[in-house]
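Inspection log for the structure reproduced underneath, given as structure tokens.
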Amino acid sequence: ETGVTQTPRHLVMGMTNKKSLKCEQHLGHNAMYWYKQSAKKPLELMFVYNFKEQTENNSVPSRFSPECPNSSHLFLHLHTLQPEDSALYLCASSQVEGSGYNEQFFGPGTRLTVL
Amino acid sequence: GQNIDQPTEMTATEGAIVQINCTYQTSGFNGLFWYQQHAGEAPTFLSYNVLDGLEEKGRFSSFLSRSKGYSYLLLKELQMKDSASYLCAVRDEDYKLSFGAGTTVTVRA
């Protein structure tokens with residue numbers, strides 16, 4: 001595997017379900033991110049992990065719970081979601097404070113539908 | 001916080017040139033990125049500007065004026081495969097990106 005991978009690619013869940021999204025980066029980066037992308041809206045940064053420490057939580061509801069067990073893996077645990085949480089959830093990684101552009105590399109996303 | 005504006009949609013003909021403008025108002029600045037996103041796919045990095053001026057990469061060029069809070073992405077010799085959404089993003093000193101809503105470019109034959 002190369003780059004940033006995400007599983008599952010599609011997920012349909014009821015409001016009472018508990019599910020988890022998984023992200024893995026194979027780029028040796030030290031920072032990982034969760035974004036939410038809704039139609040016609042800017043990408044919204046949800047969580048940032050820098051050197052495995054959570055450094056940002058942009059007022060995300062507690063029904064979204066991130067986990068970063070190591071610098072290559074990132075999870076987003078979901079429980080009691082609402083229909084308005086239906087969106088594309090994108091994971092990204094980057095190298096922070098290294099040489100070069102330090103651009104973020106994105107995974108293909110998980111298309112989440114909450115019924 | 002960051003406020004980033006770009007047009008919602010643009011249409012152009014194959015072989016033509018299109019310029020996508022982006023204006024921003026930010027509380028910190030550590031570079032501006034352009035990403036391309038095809039429908040149902042991940043955003044992919046196109047260009048990066050941190051100093052004023054023009055950066056050219058093949059058919060794509062990006063310009064930045066920090067004093068004006070303005071950037072543009074120039075797509076030349078448009079091809080059908082360039083039909084996509086183009087995202088302008090500003091990075092702050094903490095390496096966080098703030099994105100515009102994206103400009104959907106449709107290339108017609």
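Scheme for the structure tokens: letters A, B, ... for chains in order shown; per-chain residue numbers from 1; ligand numbers from 1 in order shown.
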Between chain A and chain B, at 12 Å or less, what are the per-residue closest atom pairs and their distances in Å? Count only C-alpha atoms, order by chain and rising residue number, and return it as JSON lines.
{"residue": "A:Gly3", "atom": "CA", "partner": "B:Ala42", "partner_atom": "CA", "distance": 11.2}
{"residue": "A:Val4", "atom": "CA", "partner": "B:Ala42", "partner_atom": "CA", "distance": 9.7}
{"residue": "A:Thr5", "atom": "CA", "partner": "B:Ala42", "partner_atom": "CA", "distance": 10.3}
{"residue": "A:Gln6", "atom": "CA", "partner": "B:Ala42", "partner_atom": "CA", "distance": 10.6}
{"residue": "A:Arg9", "atom": "CA", "partner": "B:Gly40", "partner_atom": "CA", "distance": 10.2}
{"residue": "A:His10", "atom": "CA", "partner": "B:Gly40", "partner_atom": "CA", "distance": 11.1}
{"residue": "A:Asn30", "atom": "CA", "partner": "B:Tyr95", "partner_atom": "CA", "distance": 11.9}
{"residue": "A:Ala31", "atom": "CA", "partner": "B:Tyr95", "partner_atom": "CA", "distance": 9.6}
{"residue": "A:Met32", "atom": "CA", "partner": "B:Lys96", "partner_atom": "CA", "distance": 10.7}
{"residue": "A:Tyr33", "atom": "CA", "partner": "B:Lys96", "partner_atom": "CA", "distance": 9.2}
{"residue": "A:Trp34", "atom": "CA", "partner": "B:Lys96", "partner_atom": "CA", "distance": 11.5}
{"residue": "A:Tyr35", "atom": "CA", "partner": "B:Leu97", "partner_atom": "CA", "distance": 10.3}
{"residue": "A:Lys36", "atom": "CA", "partner": "B:Phe99", "partner_atom": "CA", "distance": 11.4}
{"residue": "A:Gln37", "atom": "CA", "partner": "B:Ala101", "partner_atom": "CA", "distance": 9.5}
{"residue": "A:Ser38", "atom": "CA", "partner": "B:Ala101", "partner_atom": "CA", "distance": 9.6}
{"residue": "A:Ala39", "atom": "CA", "partner": "B:Ala101", "partner_atom": "CA", "distance": 9.0}
{"residue": "A:Lys40", "atom": "CA", "partner": "B:Ala101", "partner_atom": "CA", "distance": 6.2}
{"residue": "A:Lys41", "atom": "CA", "partner": "B:Ala101", "partner_atom": "CA", "distance": 4.9}
{"residue": "A:Pro42", "atom": "CA", "partner": "B:Ala101", "partner_atom": "CA", "distance": 3.8}
{"residue": "A:Leu43", "atom": "CA", "partner": "B:Phe99", "partner_atom": "CA", "distance": 5.8}
{"residue": "A:Glu44", "atom": "CA", "partner": "B:Phe99", "partner_atom": "CA", "distance": 7.6}
{"residue": "A:Leu45", "atom": "CA", "partner": "B:Ser98", "partner_atom": "CA", "distance": 7.6}
{"residue": "A:Met46", "atom": "CA", "partner": "B:Lys96", "partner_atom": "CA", "distance": 10.9}
{"residue": "A:Phe47", "atom": "CA", "partner": "B:Lys96", "partner_atom": "CA", "distance": 10.2}
{"residue": "A:Val48", "atom": "CA", "partner": "B:Lys96", "partner_atom": "CA", "distance": 8.3}
{"residue": "A:Tyr49", "atom": "CA", "partner": "B:Lys96", "partner_atom": "CA", "distance": 10.8}
{"residue": "A:Asn50", "atom": "CA", "partner": "B:Tyr95", "partner_atom": "CA", "distance": 9.9}
{"residue": "A:Thr55", "atom": "CA", "partner": "B:Asp94", "partner_atom": "CA", "distance": 9.6}
{"residue": "A:Glu56", "atom": "CA", "partner": "B:Lys96", "partner_atom": "CA", "distance": 9.2}
{"residue": "A:Asn57", "atom": "CA", "partner": "B:Lys96", "partner_atom": "CA", "distance": 11.7}
{"residue": "A:Asn58", "atom": "CA", "partner": "B:Lys96", "partner_atom": "CA", "distance": 11.3}
{"residue": "A:Ala87", "atom": "CA", "partner": "B:Gly40", "partner_atom": "CA", "distance": 11.7}
{"residue": "A:Leu88", "atom": "CA", "partner": "B:Gly40", "partner_atom": "CA", "distance": 9.0}
{"residue": "A:Tyr89", "atom": "CA", "partner": "B:Ala42", "partner_atom": "CA", "distance": 10.3}
{"residue": "A:Leu90", "atom": "CA", "partner": "B:Ala42", "partner_atom": "CA", "distance": 7.7}
{"residue": "A:Cys91", "atom": "CA", "partner": "B:Ala42", "partner_atom": "CA", "distance": 9.3}
{"residue": "A:Ala92", "atom": "CA", "partner": "B:Ala42", "partner_atom": "CA", "distance": 9.5}
{"residue": "A:Ser93", "atom": "CA", "partner": "B:Lys96", "partner_atom": "CA", "distance": 11.2}
{"residue": "A:Ser94", "atom": "CA", "partner": "B:Tyr95", "partner_atom": "CA", "distance": 9.2}
{"residue": "A:Gln95", "atom": "CA", "partner": "B:Tyr95", "partner_atom": "CA", "distance": 9.4}
{"residue": "A:Val96", "atom": "CA", "partner": "B:Tyr95", "partner_atom": "CA", "distance": 6.9}
{"residue": "A:Glu97", "atom": "CA", "partner": "B:Tyr95", "partner_atom": "CA", "distance": 8.3}
{"residue": "A:Gly98", "atom": "CA", "partner": "B:Tyr95", "partner_atom": "CA", "distance": 11.2}
{"residue": "A:Gly100", "atom": "CA", "partner": "B:Tyr48", "partner_atom": "CA", "distance": 10.2}
{"residue": "A:Tyr101", "atom": "CA", "partner": "B:Tyr48", "partner_atom": "CA", "distance": 7.0}
{"residue": "A:Asn102", "atom": "CA", "partner": "B:Tyr95", "partner_atom": "CA", "distance": 8.6}
{"residue": "A:Glu103", "atom": "CA", "partner": "B:Phe45", "partner_atom": "CA", "distance": 7.2}
{"residue": "A:Gln104", "atom": "CA", "partner": "B:Phe45", "partner_atom": "CA", "distance": 7.7}
{"residue": "A:Phe105", "atom": "CA", "partner": "B:Thr44", "partner_atom": "CA", "distance": 7.0}
{"residue": "A:Phe106", "atom": "CA", "partner": "B:Ala42", "partner_atom": "CA", "distance": 5.7}
{"residue": "A:Gly107", "atom": "CA", "partner": "B:Ala42", "partner_atom": "CA", "distance": 5.7}
{"residue": "A:Pro108", "atom": "CA", "partner": "B:Ala42", "partner_atom": "CA", "distance": 4.4}
{"residue": "A:Gly109", "atom": "CA", "partner": "B:Ala42", "partner_atom": "CA", "distance": 6.6}
{"residue": "A:Thr110", "atom": "CA", "partner": "B:Gly40", "partner_atom": "CA", "distance": 9.8}
{"residue": "A:Arg111", "atom": "CA", "partner": "B:Gly40", "partner_atom": "CA", "distance": 8.9}
Using the chain letters and numbers from this document, which residues of segment 11-59 of chain B does DSSP assign to strand (DSSP E), as a ChimeraX atom specification? /B:11-13,18-25,32-37,44-49,53-57
9 Å contact set for segment 70-79 of chain A, only C-alpha atoms, chain neighbours under 4 positions out, as an MDAnalysis selection string: chainID A and resid 15:34 49:52 62:66 91 93
Excluding Leu54 of chain B and residues on its chain fewer than 3 positions from it, collect all residues at most 10 Å away from it, counting only C-alpha atoms, and give them as a PyMOL selection string. chain B and resi 49+51+57+61-65+71-73
Please identify all polymer residues within 6 Å of Leu112 of chain A, counting only C-alpha atoms, omitting same-chain residues fewer than 6 positions from it, and present them as a ChimeraX atom specification. /A:11-12,86-87
Within 10 Å of Ser27 of chain B, counting only C-alpha atoms, which residues qualify if same-chain residues fewer than 6 places away don't, as a PyMOL selection string? chain B and resi 1-3+92-93
Just write the chosen residues, all heavy atoms, as an mmCIF file, in the first residue's frame.
data_model
loop_
_atom_site.group_PDB
_atom_site.id
_atom_site.type_symbol
_atom_site.label_atom_id
_atom_site.label_comp_id
_atom_site.auth_asym_id
_atom_site.auth_seq_id
_atom_site.Cartn_x
_atom_site.Cartn_y
_atom_site.Cartn_z
ATOM 1 N N GLY B 1 -9.169 33.404 12.851
ATOM 2 C CA GLY B 1 -9.741 32.469 11.902
ATOM 3 C C GLY B 1 -9.422 32.867 10.484
ATOM 4 O O GLY B 1 -8.782 33.878 10.227
ATOM 5 N N GLN B 2 -9.853 32.061 9.551
ATOM 6 C CA GLN B 2 -9.580 32.302 8.146
ATOM 7 C C GLN B 2 -10.889 32.450 7.388
ATOM 8 O O GLN B 2 -11.856 31.755 7.670
ATOM 9 C CB GLN B 2 -8.799 31.114 7.545
ATOM 10 C CG GLN B 2 -7.701 30.528 8.425
ATOM 11 C CD GLN B 2 -6.422 31.365 8.413
ATOM 12 O OE1 GLN B 2 -6.471 32.574 8.340
ATOM 13 N NE2 GLN B 2 -5.295 30.710 8.496
ATOM 14 N N ASN B 3 -10.928 33.345 6.429
ATOM 15 C CA ASN B 3 -12.066 33.500 5.542
ATOM 16 C C ASN B 3 -11.528 33.415 4.118
ATOM 17 O O ASN B 3 -10.725 34.255 3.710
ATOM 18 C CB ASN B 3 -12.749 34.844 5.790
ATOM 19 C CG ASN B 3 -13.997 34.982 4.970
ATOM 20 O OD1 ASN B 3 -14.653 33.999 4.645
ATOM 21 N ND2 ASN B 3 -14.343 36.206 4.618
ATOM 22 N N ASP B 92 -1.776 28.096 8.364
ATOM 23 C CA ASP B 92 -1.335 29.021 9.407
ATOM 24 C C ASP B 92 -0.012 28.545 10.013
ATOM 25 O O ASP B 92 0.561 27.531 9.587
ATOM 26 C CB ASP B 92 -2.429 29.208 10.465
ATOM 27 C CG ASP B 92 -2.724 27.935 11.250
ATOM 28 O OD1 ASP B 92 -1.889 27.001 11.248
ATOM 29 O OD2 ASP B 92 -3.791 27.875 11.885
ATOM 30 N N GLU B 93 0.452 29.261 11.011
ATOM 31 C CA GLU B 93 1.763 28.943 11.585
ATOM 32 C C GLU B 93 1.780 27.607 12.322
ATOM 33 O O GLU B 93 2.840 27.054 12.594
ATOM 34 C CB GLU B 93 2.206 30.049 12.552
ATOM 35 C CG GLU B 93 2.544 31.361 11.866
ATOM 36 C CD GLU B 93 1.360 32.280 11.753
ATOM 37 O OE1 GLU B 93 0.226 31.840 12.063
ATOM 38 O OE2 GLU B 93 1.565 33.440 11.370
#
Could you check how far atom CA of Ala16 of chain B sits from atom CA of Ser83 of chain B, in Å to one decimal?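 A separation of 12.6 Å between them.
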